[in-house]
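K.L.:
Input coords-v2.txt, format and content: compact mmCIF, C-alpha atoms.
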```txt
# COMPACT_ATOMS: atom_id res chain seq x y z
CA MET A 1 0.00 0.00 0.00
CA THR A 2 1.47 3.30 -1.06
CA ASP A 3 0.81 6.57 0.60
CA GLU A 4 -1.12 8.40 -2.04
CA ILE A 5 -3.78 9.21 0.48
CA ALA A 6 -3.64 8.92 4.21
CA PRO A 7 -6.27 9.97 6.73
CA VAL A 8 -5.01 12.53 9.19
CA PRO A 9 -5.42 11.54 12.84
CA ASN A 10 -8.10 13.30 14.87
CA GLU A 11 -7.63 17.00 15.10
CA PRO A 12 -10.14 19.79 15.15
CA GLU A 13 -9.67 22.31 12.42
CA PRO A 14 -9.72 25.75 13.94
CA SER A 15 -9.64 27.35 10.51
CA LEU A 16 -12.95 25.81 9.48
CA PRO A 17 -16.20 27.63 10.14
CA VAL A 18 -17.11 25.62 13.20
CA GLU A 19 -17.45 28.71 15.35
CA ALA A 20 -20.44 30.11 13.43
CA ASP A 21 -22.70 29.78 16.43
CA SER A 22 -20.39 29.86 19.39
CA SER A 23 -23.15 29.67 21.98
CA ALA A 24 -24.34 26.26 20.85
CA GLU A 25 -22.27 23.24 21.66
CA ARG A 26 -21.57 21.15 18.61
CA TYR A 27 -20.26 17.68 18.14
CA VAL A 28 -17.90 16.79 15.36
CA PHE A 29 -17.57 13.23 14.13
CA GLN A 30 -15.21 11.54 11.75
CA PRO A 31 -17.28 9.95 9.01
CA ALA A 32 -16.77 6.33 7.97
CA ILE A 33 -14.93 6.14 4.64
CA ASP A 34 -13.91 3.75 1.90
CA ILE A 35 -10.87 4.28 -0.30
CA TYR A 36 -10.22 2.19 -3.37
CA ASP A 37 -7.99 2.11 -6.40
CA THR A 38 -9.25 2.63 -9.90
CA ASP A 39 -7.43 2.42 -13.20
CA ASP A 40 -6.74 6.13 -13.18
CA GLY A 41 -6.43 7.01 -9.52
CA LEU A 42 -8.34 6.69 -6.31
CA VAL A 43 -11.90 7.09 -5.13
CA LEU A 44 -12.85 8.18 -1.65
CA ARG A 45 -16.36 7.60 -0.34
CA ALA A 46 -17.63 9.00 2.93
CA ASP A 47 -20.90 8.52 4.80
CA LEU A 48 -22.29 11.95 5.60
CA PRO A 49 -25.94 11.40 6.56
CA GLY A 50 -27.78 14.67 6.97
CA VAL A 51 -25.31 16.67 4.89
CA SER A 52 -26.61 18.35 1.73
CA PRO A 53 -24.53 19.91 -1.07
CA GLU A 54 -25.23 23.32 0.48
CA THR A 55 -23.80 22.35 3.85
CA LEU A 56 -20.71 20.50 2.58
CA GLU A 57 -17.31 22.08 2.24
CA LEU A 58 -14.53 20.28 0.52
CA GLN A 59 -11.16 21.90 0.21
CA VAL A 60 -7.66 21.05 -0.88
CA GLN A 61 -4.88 23.11 0.54
CA ASP A 62 -1.28 22.21 -0.01
CA ASN A 63 -1.46 18.44 0.20
CA LYS A 64 -4.39 18.24 2.55
CA LEU A 65 -7.92 17.36 1.53
CA THR A 66 -10.50 18.34 4.14
CA LEU A 67 -14.17 17.59 4.17
CA PHE A 68 -16.53 19.34 6.53
CA GLY A 69 -20.25 18.70 6.53
CA ARG A 70 -22.68 20.60 8.66
CA VAL A 71 -25.67 18.72 10.03
CA SER A 72 -28.79 20.34 11.43
CA PRO A 73 -30.65 18.73 14.34
CA HIS A 74 -32.63 15.65 13.35
CA ALA A 75 -35.55 16.44 15.64
CA PRO A 76 -37.40 19.72 16.23
CA ASP A 77 -36.66 21.90 19.24
CA GLY A 78 -38.15 20.60 22.43
CA ALA A 79 -37.97 16.96 21.39
CA ARG A 80 -36.99 14.63 24.19
CA LEU A 81 -34.39 12.02 23.31
CA VAL A 82 -35.78 8.68 24.47
CA HIS A 83 -33.28 6.32 22.89
CA GLN A 84 -29.98 7.07 21.21
CA GLU A 85 -27.72 4.99 19.01
CA TYR A 86 -26.00 7.81 17.17
CA GLY A 87 -24.99 11.32 18.08
CA VAL A 88 -26.00 14.21 15.88
CA GLY A 89 -23.16 16.49 14.89
CA ASP A 90 -21.06 17.78 12.05
CA PHE A 91 -18.63 15.66 10.08
CA LEU A 92 -14.95 16.46 9.65
CA ARG A 93 -12.07 14.44 8.27
CA SER A 94 -8.80 15.30 6.60
CA PHE A 95 -6.51 13.37 4.30
CA ILE A 96 -2.95 13.83 3.16
CA LEU A 97 -2.62 13.52 -0.59
CA SER A 98 0.58 12.48 -2.25
CA ASP A 99 2.02 14.30 -5.23
CA ASP A 100 0.69 11.49 -7.40
CA VAL A 101 -2.79 12.94 -7.09
CA ASP A 102 -3.66 15.54 -9.67
CA HIS A 103 -5.14 18.25 -7.47
CA GLU A 104 -6.55 20.15 -10.41
CA ARG A 105 -8.75 17.30 -11.55
CA ILE A 106 -10.33 16.28 -8.25
CA THR A 107 -14.11 16.02 -8.56
CA ALA A 108 -16.80 15.28 -5.99
CA LYS A 109 -20.44 14.32 -5.87
CA LEU A 110 -22.84 14.04 -2.94
CA THR A 111 -25.82 11.69 -3.25
CA GLN A 112 -28.23 10.88 -0.40
CA GLY A 113 -25.61 11.56 2.25
CA VAL A 114 -22.73 9.76 0.57
CA LEU A 115 -19.82 11.80 -0.77
CA ARG A 116 -17.76 10.39 -3.62
CA VAL A 117 -14.48 12.10 -4.38
CA THR A 118 -12.47 11.13 -7.45
CA LEU A 119 -8.74 11.63 -7.08
CA PRO A 120 -7.09 11.10 -10.47
CA SER A 121 -3.39 10.31 -10.72
CA VAL A 122 -1.09 12.77 -12.37
CA GLN A 123 -0.75 11.66 -15.94
CA LYS A 124 2.84 10.73 -16.48
CA PRO A 125 4.08 11.78 -19.88
CA SER A 126 4.96 8.88 -22.09
CA PRO A 127 8.67 8.17 -22.40
CA LYS A 128 10.37 10.23 -25.01
CA ARG A 129 13.09 8.83 -27.14
CA ILE A 130 16.21 10.88 -27.23
CA PRO A 131 17.98 10.70 -30.53
CA ILE A 132 21.66 10.07 -30.33
CA ASP A 133 23.77 11.87 -32.79
CA VAL A 134 26.32 9.78 -34.56
CA ASP A 135 29.48 11.39 -35.70
CA MET B 1 -36.76 -12.41 14.65
CA PRO B 2 -34.93 -10.35 17.24
CA VAL B 3 -37.17 -7.54 18.34
CA PHE B 4 -35.57 -4.44 19.55
CA ARG B 5 -36.50 -2.97 22.94
CA TRP B 6 -36.11 0.71 23.47
CA GLY B 7 -33.63 1.72 26.06
CA ARG B 8 -30.07 2.77 26.41
CA ALA B 9 -28.85 -0.72 25.81
CA TRP B 10 -25.28 0.27 25.06
CA GLY B 11 -24.94 3.19 27.41
CA LEU B 12 -24.21 5.38 24.43
CA GLY B 13 -26.51 8.11 25.58
CA ASP B 14 -24.97 8.08 29.01
CA LEU B 15 -21.52 8.28 27.55
CA GLU B 16 -22.49 11.22 25.43
CA ARG B 17 -24.10 12.93 28.36
CA GLU B 18 -20.87 12.43 30.23
CA VAL B 19 -18.88 13.90 27.35
CA ASP B 20 -21.38 16.72 27.33
CA ARG B 21 -20.74 17.35 31.00
CA LEU B 22 -16.97 17.21 30.64
CA MET B 23 -17.07 19.52 27.66
CA HIS B 24 -19.31 22.03 29.37
CA GLY B 25 -18.36 25.47 28.19
CA VAL B 26 -16.48 24.12 25.22
CA ASN B 27 -18.34 24.34 21.96
CA LEU B 28 -16.55 21.53 20.20
CA SER B 29 -15.86 17.96 21.10
CA LEU B 30 -14.36 15.51 18.70
CA GLN B 31 -15.64 11.97 18.51
CA GLY B 32 -13.92 9.02 16.92
CA VAL B 33 -14.80 7.45 13.61
CA ARG B 34 -18.45 6.62 13.57
CA LEU B 35 -18.72 2.91 13.18
CA ALA B 36 -22.24 1.92 13.96
CA ARG B 37 -22.73 -1.08 16.20
CA GLN B 38 -25.87 -1.84 14.30
CA PHE B 39 -26.89 -0.69 10.87
CA PRO B 40 -28.70 1.56 10.64
CA PRO B 41 -28.30 3.34 13.97
CA VAL B 42 -31.64 4.61 15.23
CA ASN B 43 -32.73 7.40 17.58
CA LEU B 44 -36.15 7.81 19.16
CA TYR B 45 -37.47 11.23 20.14
CA GLU B 46 -40.66 12.16 21.91
CA LEU B 47 -42.46 15.28 20.80
CA GLU B 48 -45.60 16.77 22.26
CA ASP B 49 -48.04 14.98 19.98
CA ALA B 50 -45.88 12.35 18.29
CA TYR B 51 -42.81 10.17 18.46
CA LEU B 52 -40.06 10.46 15.89
CA ILE B 53 -37.81 7.61 14.85
CA SER B 54 -34.76 8.68 12.86
CA ALA B 55 -32.26 6.35 11.20
CA GLU B 56 -29.04 7.07 9.34
CA LEU B 57 -29.11 5.34 5.95
CA PRO B 58 -26.57 7.21 3.85
CA GLY B 59 -26.52 6.20 0.21
CA ALA B 60 -29.87 4.45 0.23
CA ASN B 61 -32.68 5.27 -2.13
CA ALA B 62 -36.21 5.16 -0.87
CA GLU B 63 -36.87 2.16 -3.15
CA ASP B 64 -33.93 0.23 -1.70
CA PHE B 65 -35.58 -0.44 1.59
CA GLU B 66 -38.89 -1.50 3.02
CA LEU B 67 -40.81 -0.28 5.98
CA THR B 68 -43.48 -2.55 7.45
CA ILE B 69 -45.55 -2.49 10.59
CA GLN B 70 -47.17 -5.45 12.29
CA SER B 71 -48.49 -5.94 15.82
CA GLY B 72 -46.76 -2.89 17.16
CA VAL B 73 -43.39 -3.76 15.60
CA LEU B 74 -41.88 -1.57 12.93
CA THR B 75 -39.42 -3.34 10.65
CA ILE B 76 -37.05 -1.60 8.27
CA GLN B 77 -34.94 -3.72 6.00
CA GLY B 78 -32.90 -3.39 2.87
CA ARG B 79 -29.55 -3.95 1.28
CA ARG B 80 -26.64 -1.63 1.05
CA ASP B 81 -24.77 -2.73 -2.01
CA ASP B 82 -21.74 -1.25 -3.58
CA PRO B 83 -23.18 0.39 -6.69
CA GLU B 84 -19.79 0.22 -8.38
CA GLN B 85 -19.01 -3.45 -7.62
CA VAL B 86 -15.46 -2.65 -6.59
CA PRO B 87 -13.40 -5.87 -6.23
CA GLU B 88 -12.26 -6.47 -2.66
CA GLU B 89 -8.57 -6.30 -3.51
CA ARG B 90 -8.93 -2.75 -4.73
CA TYR B 91 -9.94 -1.43 -1.32
CA ARG B 92 -7.28 0.29 0.71
CA ARG B 93 -9.67 1.14 3.46
CA GLN B 94 -13.19 -0.05 4.08
CA GLU B 95 -15.04 1.38 7.03
CA ARG B 96 -18.49 1.76 5.53
CA PHE B 97 -21.13 -0.90 6.01
CA HIS B 98 -22.07 -3.09 3.07
CA GLY B 99 -24.59 -5.89 2.89
CA SER B 100 -28.17 -6.53 3.90
CA TRP B 101 -29.62 -5.15 7.08
CA GLN B 102 -32.76 -5.33 9.15
CA ARG B 103 -33.98 -3.60 12.27
CA SER B 104 -37.17 -4.44 14.14
CA LEU B 105 -38.30 -1.79 16.56
CA ASN B 106 -40.97 -2.02 19.19
CA LEU B 107 -43.26 0.92 18.72
CA PRO B 108 -44.07 3.07 21.73
CA GLU B 109 -47.50 2.50 23.20
CA ARG B 110 -50.55 4.47 22.27
CA ILE B 111 -49.62 5.58 18.80
CA ASP B 112 -51.87 5.95 15.81
CA GLU B 113 -50.51 3.39 13.36
CA GLU B 114 -52.92 4.57 10.67
CA ARG B 115 -51.39 8.02 10.56
CA LEU B 116 -47.76 6.95 10.53
CA SER B 117 -45.65 8.79 7.95
CA ALA B 118 -42.07 8.54 6.71
CA ARG B 119 -39.62 10.79 4.87
CA PHE B 120 -36.17 10.15 3.47
CA ASP B 121 -33.78 13.06 2.82
CA ASP B 122 -29.98 13.30 2.56
CA GLY B 123 -29.59 9.75 3.84
CA ILE B 124 -31.77 10.14 6.92
CA LEU B 125 -35.04 8.29 7.38
CA LYS B 126 -37.58 9.94 9.65
CA VAL B 127 -40.72 8.12 10.71
CA THR B 128 -43.36 10.15 12.52
CA LEU B 129 -45.66 8.23 14.86
CA PRO B 130 -48.57 10.41 15.97
CA LYS B 131 -49.79 9.76 19.51
CA LEU B 132 -53.37 8.65 19.99
CA ALA B 133 -55.64 11.22 21.57
CA GLU B 134 -56.30 10.66 25.27
CA THR B 135 -59.46 8.65 25.72
CA PRO B 136 -61.80 9.55 28.58
CA VAL B 137 -61.73 7.38 31.69
CA ARG B 138 -64.33 4.63 31.43
CA ARG B 139 -65.82 2.89 34.42
CA ILE B 140 -66.11 -0.85 34.24
CA PRO B 141 -69.07 -2.50 36.00
CA ILE B 142 -68.10 -5.26 38.40
CA GLU B 143 -70.34 -8.27 38.53
CA GLY B 144 -70.89 -10.10 41.80
CA THR B 145 -73.25 -12.66 43.34
CA ASP B 146 -75.87 -10.03 43.97
CA GLY B 147 -76.09 -9.30 40.26
CA PRO B 148 -74.49 -6.52 38.34
CA ARG B 149 -73.82 -3.54 40.50
CA ALA B 150 -75.14 -0.69 38.54
CA ILE B 151 -72.92 2.21 37.77
CA GLU B 152 -75.84 4.53 38.41
CA GLU B 153 -75.73 6.42 41.63
CA GLN B 154 -77.75 4.70 44.34
CA PRO B 155 -80.15 7.00 46.12
CA ARG B 156 -78.69 7.68 49.55
CA ASP B 157 -81.12 7.13 52.35
```
Please render this file's structure as C-alpha cells.

P.N.:
Amino acid sequence: MTDEIAPVPNEPEPSLPVEADSSAERYVFQPAIDIYDTDDGLVLRADLPGVSPETLELQVQDNKLTLFGRVSPHAPDGARLVHQEYGVGDFLRSFILSDDVDHERITAKLTQGVLRVTLPSVQKPSPKRIPIDVD
Amino acid sequence: MPVFRWGRAWGLGDLEREVDRLMHGVNLSLQGVRLARQFPPVNLYELEDAYLISAELPGANAEDFELTIQSGVLTIQGRRDDPEQVPEERYRRQERFHGSWQRSLNLPERIDEERLSARFDDGILKVTLPKLAETPVRRIPIEGTDGPRAIEEQPRD
C-alpha cells in the first residue's frame, strides 16, 4: 500500500467555520470512509448522513484534503431524546494527498448523504526517445 | 426475529451525556470514527403529539428499503450494495457498512398506526408516529353474586 492518500489523525480544524454559532455546543464526528484504487487514480467515499450539497465544504490546501459537513438537528426543538444509538453532529475528516494525485482534476459528488471524491493520478508523460547523434 | 427494545442498551446516551458534561463550556468535542454497532443506527425522540424515529441510511434510495408495521413492531430492512461493484482487492480502506440489514423496533404504546408517515432526505429516514388522543376514563361494572352492581348512583337514604 502506497501513501497516495492517508487519513489525518483526529484533530479539530480551527480554521474551518465551526465557530459560526459559538453559543451552541456542537459535536464533530469523523465519518466512515472507503478508499479504493481505480485504473486512473483513487476514489474516496464518505458517509455523511444529513449533509446536503449546500452544507458540505470540501477543500484542498497544499497536500491536505479536508471535508466538513454541517448537520442540522434531526428532531425539532423541544424533542426529548428517548433512545440514542447515534450522536448528531457535524462531520470532519482530513486526508494527506501524495504528489501522485492531480489536485486540479479532483471532482466530488454528494448523493443521499454519501460523498464520492475522485482523485485522479497525475498523468505521467509517455517516455520520449532521445535521438543520439552519430558522428 | 430479534425484536428491539427501546432503552439505552449500550450506554451510548450516558456516555455522550458524560462527554457533554466534561465539555461544558467548550463548543466543540471531537468523537472518533463513527462505526455503527448496528446498521442503521436509530434514535427515538418524543415530541408533544408524536414520536419520531430517525435512522441514518446514507446512500440508500427510498426504493432500496422496506418499511413494514405489524403488531406494534416496525421493521425496516434493505440492502446496502456497492453500486460500483469494486473488487475487494482494490480497497485500501473499508469502514463503511455493506450488505443486507434489518432492524425491528418495538413501537411506543398508544400511537396511531394509521397516521404513521415517513420521509427520506440526505440519507436520513424519519418516521413520525402520531400519539393517539387521550381517551376519557371509562368505568367498568363489576359483577358479583348479587347481580351486576349498577354504575348509576344509588339513592342515599

K.L.:
Choose the residue, out of A:His74, A:Arg129, A:Lys124, A:Lys109, that has the smallest atom-to-atom separation from Val88 (chain A); count only C-alpha atoms.

P.N.:
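Under the stated criterion, the closest residue is A:His74.
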
K.L.:
Do a neighbour search on Gln77 (chain B) at 9 Å with only C-alpha atoms, toss out local chain neighbours closer than 5 positions, and write the hits as a PyMOL selection string.

P.N.:
chain B and resi 64-68+100-104

K.L.:
CA of Phe95 (chain A) and CA of Pro49 (chain A) are how many Å apart?

P.N.:
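Separation of CA of Phe95 (chain A) and CA of Pro49 (chain A): 19.7 Å.
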
K.L.:
At a cut-off of 12 Å from (-12.8, 22.4, -6.7) in the coordinates of the file, what residues are picked up using only C-alpha atoms, written as a PDB file with C-alpha atoms, in the frame of the given file?

P.N.:
```
ATOM      1  CA  GLU A  57     -17.310  22.080   2.240  1.00  0.00           C
ATOM      2  CA  LEU A  58     -14.530  20.280   0.520  1.00  0.00           C
ATOM      3  CA  GLN A  59     -11.160  21.900   0.210  1.00  0.00           C
ATOM      4  CA  VAL A  60      -7.660  21.050  -0.880  1.00  0.00           C
ATOM      5  CA  GLN A  61      -4.880  23.110   0.540  1.00  0.00           C
ATOM      6  CA  LEU A  65      -7.920  17.360   1.530  1.00  0.00           C
ATOM      7  CA  THR A  66     -10.500  18.340   4.140  1.00  0.00           C
ATOM      8  CA  LEU A  67     -14.170  17.590   4.170  1.00  0.00           C
ATOM      9  CA  ASP A 102      -3.660  15.540  -9.670  1.00  0.00           C
ATOM     10  CA  HIS A 103      -5.140  18.250  -7.470  1.00  0.00           C
ATOM     11  CA  GLU A 104      -6.550  20.150 -10.410  1.00  0.00           C
ATOM     12  CA  ARG A 105      -8.750  17.300 -11.550  1.00  0.00           C
ATOM     13  CA  ILE A 106     -10.330  16.280  -8.250  1.00  0.00           C
ATOM     14  CA  THR A 107     -14.110  16.020  -8.560  1.00  0.00           C
ATOM     15  CA  ALA A 108     -16.800  15.280  -5.990  1.00  0.00           C
ATOM     16  CA  LYS A 109     -20.440  14.320  -5.870  1.00  0.00           C
ATOM     17  CA  VAL A 117     -14.480  12.100  -4.380  1.00  0.00           C
ATOM     18  CA  THR A 118     -12.470  11.130  -7.450  1.00  0.00           C
ATOM     19  CA  LEU A 119      -8.740  11.630  -7.080  1.00  0.00           C
TER      20      LEU A 119
END
```

K.L.:
Quick one: residues within 8 Å of Ala50 (chain B), all atoms listed in the file, excluding same-chain residues fewer than 3 positions away - as a ChimeraX atom specification?

P.N.:
/B:46-47,111,128-131

K.L.:
Please identify all residues of chain A having at least one atom at most 6 Å from any atom of chain B, considering all atoms listed in the file, and return them as a ChimeraX atom specification.

P.N.:
/A:25-37,47,49-50,79-86,112-114

K.L.:
Next, dump the selected residues to file, keeping only C-alpha atoms, as an mmCIF file, keeping the file's coordinate frame.

P.N.:
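File produced: again-v4.cif:
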```cif
data_model
loop_
_atom_site.group_PDB
_atom_site.id
_atom_site.type_symbol
_atom_site.label_atom_id
_atom_site.label_comp_id
_atom_site.auth_asym_id
_atom_site.auth_seq_id
_atom_site.Cartn_x
_atom_site.Cartn_y
_atom_site.Cartn_z
ATOM 1 C CA GLU A 25 -22.270 23.240 21.660
ATOM 2 C CA ARG A 26 -21.570 21.150 18.610
ATOM 3 C CA TYR A 27 -20.260 17.680 18.140
ATOM 4 C CA VAL A 28 -17.900 16.790 15.360
ATOM 5 C CA PHE A 29 -17.570 13.230 14.130
ATOM 6 C CA GLN A 30 -15.210 11.540 11.750
ATOM 7 C CA PRO A 31 -17.280 9.950 9.010
ATOM 8 C CA ALA A 32 -16.770 6.330 7.970
ATOM 9 C CA ILE A 33 -14.930 6.140 4.640
ATOM 10 C CA ASP A 34 -13.910 3.750 1.900
ATOM 11 C CA ILE A 35 -10.870 4.280 -0.300
ATOM 12 C CA TYR A 36 -10.220 2.190 -3.370
ATOM 13 C CA ASP A 37 -7.990 2.110 -6.400
ATOM 14 C CA ASP A 47 -20.900 8.520 4.800
ATOM 15 C CA PRO A 49 -25.940 11.400 6.560
ATOM 16 C CA GLY A 50 -27.780 14.670 6.970
ATOM 17 C CA ALA A 79 -37.970 16.960 21.390
ATOM 18 C CA ARG A 80 -36.990 14.630 24.190
ATOM 19 C CA LEU A 81 -34.390 12.020 23.310
ATOM 20 C CA VAL A 82 -35.780 8.680 24.470
ATOM 21 C CA HIS A 83 -33.280 6.320 22.890
ATOM 22 C CA GLN A 84 -29.980 7.070 21.210
ATOM 23 C CA GLU A 85 -27.720 4.990 19.010
ATOM 24 C CA TYR A 86 -26.000 7.810 17.170
ATOM 25 C CA GLN A 112 -28.230 10.880 -0.400
ATOM 26 C CA GLY A 113 -25.610 11.560 2.250
ATOM 27 C CA VAL A 114 -22.730 9.760 0.570
#
```

K.L.:
List every protein, DNA or RNA residue that has an atom no more than 8 Å from (-1.3, 11.4, -12.0) in the file's coordinate frame, counting only C-alpha atoms, and report them as a PyMOL selection string.

P.N.:
chain A and resi 40-41+100-102+120-124

K.L.:
Just how far from CA of Thr38 (chain A) is CA of Lys128 (chain A), in Å to one decimal?

P.N.:
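One can read the CA of Lys128 (chain A) to CA of Thr38 (chain A) distance as 25.9 Å.
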
K.L.:
As an exercise, work out the distance from CA of Gln70 (chain B) to CA of Leu132 (chain B) in Å and give it to one decimal place.

P.N.:
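These two atoms are separated by 17.2 Å.
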
K.L.:
Smallest atom-to-atom distance to Arg45 (chain A): which of A:Leu110, A:Leu92, A:Ala6, A:Ala75, using all atoms listed in the file?

P.N.:
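For Arg45 (chain A), the nearest of the candidates is A:Leu110.
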
K.L.:
Mind completing region 56-70 of chain A with N, CA, C and O atoms? Output as a short mmCIF file (atom, residue, chain, number, x, y, z; two decimals), in the coordinates of the input, please?

P.N.:
```cif
data_model
loop_
_atom_site.label_atom_id
_atom_site.label_comp_id
_atom_site.auth_asym_id
_atom_site.auth_seq_id
_atom_site.Cartn_x
_atom_site.Cartn_y
_atom_site.Cartn_z
N LEU A 56 -21.98 21.23 2.68
CA LEU A 56 -20.71 20.50 2.58
C LEU A 56 -19.62 21.42 2.07
O LEU A 56 -19.82 22.16 1.12
N GLU A 57 -18.49 21.35 2.72
CA GLU A 57 -17.31 22.08 2.24
C GLU A 57 -16.20 21.09 2.04
O GLU A 57 -15.88 20.30 2.92
N LEU A 58 -15.61 21.18 0.86
CA LEU A 58 -14.53 20.28 0.52
C LEU A 58 -13.40 21.16 0.05
O LEU A 58 -13.59 21.97 -0.86
N GLN A 59 -12.25 21.05 0.67
CA GLN A 59 -11.16 21.90 0.21
C GLN A 59 -9.84 21.17 0.16
O GLN A 59 -9.61 20.25 0.94
N VAL A 60 -9.01 21.59 -0.77
CA VAL A 60 -7.66 21.05 -0.88
C VAL A 60 -6.73 22.22 -0.66
O VAL A 60 -6.84 23.25 -1.32
N GLN A 61 -5.87 22.07 0.32
CA GLN A 61 -4.88 23.11 0.54
C GLN A 61 -3.54 22.42 0.74
O GLN A 61 -3.44 21.49 1.55
N ASP A 62 -2.57 22.89 0.03
CA ASP A 62 -1.28 22.21 -0.01
C ASP A 62 -1.55 20.74 -0.35
O ASP A 62 -2.13 20.46 -1.37
N ASN A 63 -1.21 19.85 0.53
CA ASN A 63 -1.46 18.44 0.20
C ASN A 63 -2.57 17.85 1.06
O ASN A 63 -2.65 16.65 1.23
N LYS A 64 -3.39 18.72 1.61
CA LYS A 64 -4.39 18.24 2.55
C LYS A 64 -5.80 18.42 1.98
O LYS A 64 -6.19 19.52 1.58
N LEU A 65 -6.53 17.32 1.97
CA LEU A 65 -7.92 17.36 1.53
C LEU A 65 -8.78 17.32 2.80
O LEU A 65 -8.61 16.44 3.63
N THR A 66 -9.66 18.29 2.94
CA THR A 66 -10.50 18.34 4.14
C THR A 66 -11.95 18.37 3.74
O THR A 66 -12.34 19.12 2.85
N LEU A 67 -12.74 17.53 4.40
CA LEU A 67 -14.17 17.59 4.17
C LEU A 67 -14.85 17.98 5.48
O LEU A 67 -14.47 17.51 6.56
N PHE A 68 -15.78 18.88 5.37
CA PHE A 68 -16.53 19.34 6.53
C PHE A 68 -17.99 19.44 6.14
O PHE A 68 -18.35 20.15 5.21
N GLY A 69 -18.83 18.70 6.83
CA GLY A 69 -20.25 18.70 6.53
C GLY A 69 -21.04 19.13 7.75
O GLY A 69 -20.85 18.58 8.84
N ARG A 70 -21.89 20.09 7.55
CA ARG A 70 -22.68 20.60 8.66
C ARG A 70 -24.02 19.88 8.69
O ARG A 70 -24.66 19.69 7.66
#
```
